[in-house]
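Data first, discussion second: the structure below is written as structure tokens.
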Amino acid sequence: MSKKVPIVCHGHSRPIVDLNYSHITPDGYFLASASKDGQPMLRHGESGDWYGTFQGHKGAVWSCVLNHPALLCATGSADFTARVWDACSGNQLHEFAHSHIVRTTAFSHGNKLATGGYEKVIRIYDLDAPDAAPVTLPQASSGIRCLTWLQDDNVLLCALIEKPGINVYDVRTSQLVQTIETAAPVTSMEVTFDGQYMTTAEGSAVRFFDTTTLKLMKQHSVKHNAEAASFCPSKKRFVAGGEDMWVHVYDYVTGEEVECNKGHHGPVHTLQFAPTYDSYASGSEDGTIRIWYLDSGADATNGNGAAA
């Protein structure tokens, strides 16, 4: 059986630092990307074809996420702003000023947006009242790298840039209620599209949690430090990538590596399975996005993912 050749998406001129697939919509699914070139982009999720660029940031963009209907896109930037865009027209809808670099943005299932970064403060904006002051959570002990909503938007998880641990906040009381211990700083947190599982990359470890209880389900060690990891529950596979420039596919049950995808020419900073779970995207220091298939083992070649 022949293996499908990965798609290579060009268009960014600097490293890719964040990728986010949308949920499946009546119009298909989409892929948003953040890059240090300051030009966040939107693509067709399956083909990688370029749809448009959200123009306006004046610094590197560290975060680019889509809300659940894929009608809004949020970005966080080194220009000290978080912005919300109309994902269909590309028009900017809101701009939220911060006092330092915004490293992460996260939409709730409702109409709220959480932001965090080097200020060490989590802000929660109500997009139904964008001019209102945001809710702020207790200051973290380090800069904020990742934010993830869980449990019907009642809980917000926070991973720090320089310190191990995952802070768990109860949004209803705005209080820190738990810290999940980790051996190393957490560089990615991802929730599966069905909301049941969370995957974390923590240096040489990839861990899997039940999102309802926040209990650890499984942990695997990886040979090369992973900066990002993503989990496919239906096929019991997870992917991880980092400093060695390769994208590794592992068996979830045994932790055994079953495939190694080579093609990037720099460290892999971000990874995510598509909502169909038949492919996954990786973003690298080399400025390219690659869309791989679970049966793919061939070296990547240029596909139809180039920017128009």
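Ligands are numbered from 1 in the order shown, chains are lettered A, B, ... in the order of the structure tokens, and residues start at 1 in each chain.
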Set the distance at 9 Å and use only C-alpha atoms: which residues neighbour Val121 in chain A once local chain neighbours fewer than 4 positions away are removed? I'd like the list as a PyMOL selection string.
chain A and resi 115-117+136-140+143-144
Counting only C-alpha atoms, what is within 6 Å of Ala82 in chain A, bar same-chain residues fewer than 6 positions away, as a PyMOL selection string?
chain A and resi 75-76+95-96
Using backbone DSSP assignments, extract all strand (DSSP E) residues from range 8-255 of chain A; output them as a ChimeraX atom specification.
/A:8-9,16-21,30-35,41-44,50-53,61-66,72-77,81-86,92-97,102-107,112-117,123-126,135-136,144-150,155-160,166-170,175-180,188-191,197-210,216-232,237-242,247-251
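Using only C-alpha atoms, the residues found no farther than 8 Å from Gln151 in chain A, other than those of its own chain fewer than 4 positions away, are Val155, Thr211 and Thr212 of chain A.
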Residue with smallest distance to His57 in chain A - pool A:His224, A:His44, A:Lys112, A:Lys36, counting only C-alpha atoms:
A:Lys36
Write out, as CSV, each residue of range 103-208 of chain A that has an atom at most 9 Å from range 270-287 of chain A, together with the closest pair of atoms and their distance in Å to one decimal, counting only C-alpha atoms, rows going by chain and rising number.
residue,atom,partner,partner_atom,distance
A:Ser188,CA,A:Thr270,CA,8.0
A:Glu190,CA,A:Gln272,CA,8.1
A:Thr192,CA,A:Pro275,CA,8.5
A:Phe193,CA,A:Pro275,CA,6.4
Of the candidates A:Gln219, A:Asn225, A:Ser141, A:Ser63, which shows the shortest atom-to-atom distance to Thr104 in chain A, using only C-alpha atoms?
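For Thr104 in chain A, the nearest of the candidates is A:Ser63.
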CA of Gln92 in chain A and CA of Cys158 in chain A are how many Å apart?
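These atoms are spaced 26.5 Å apart.
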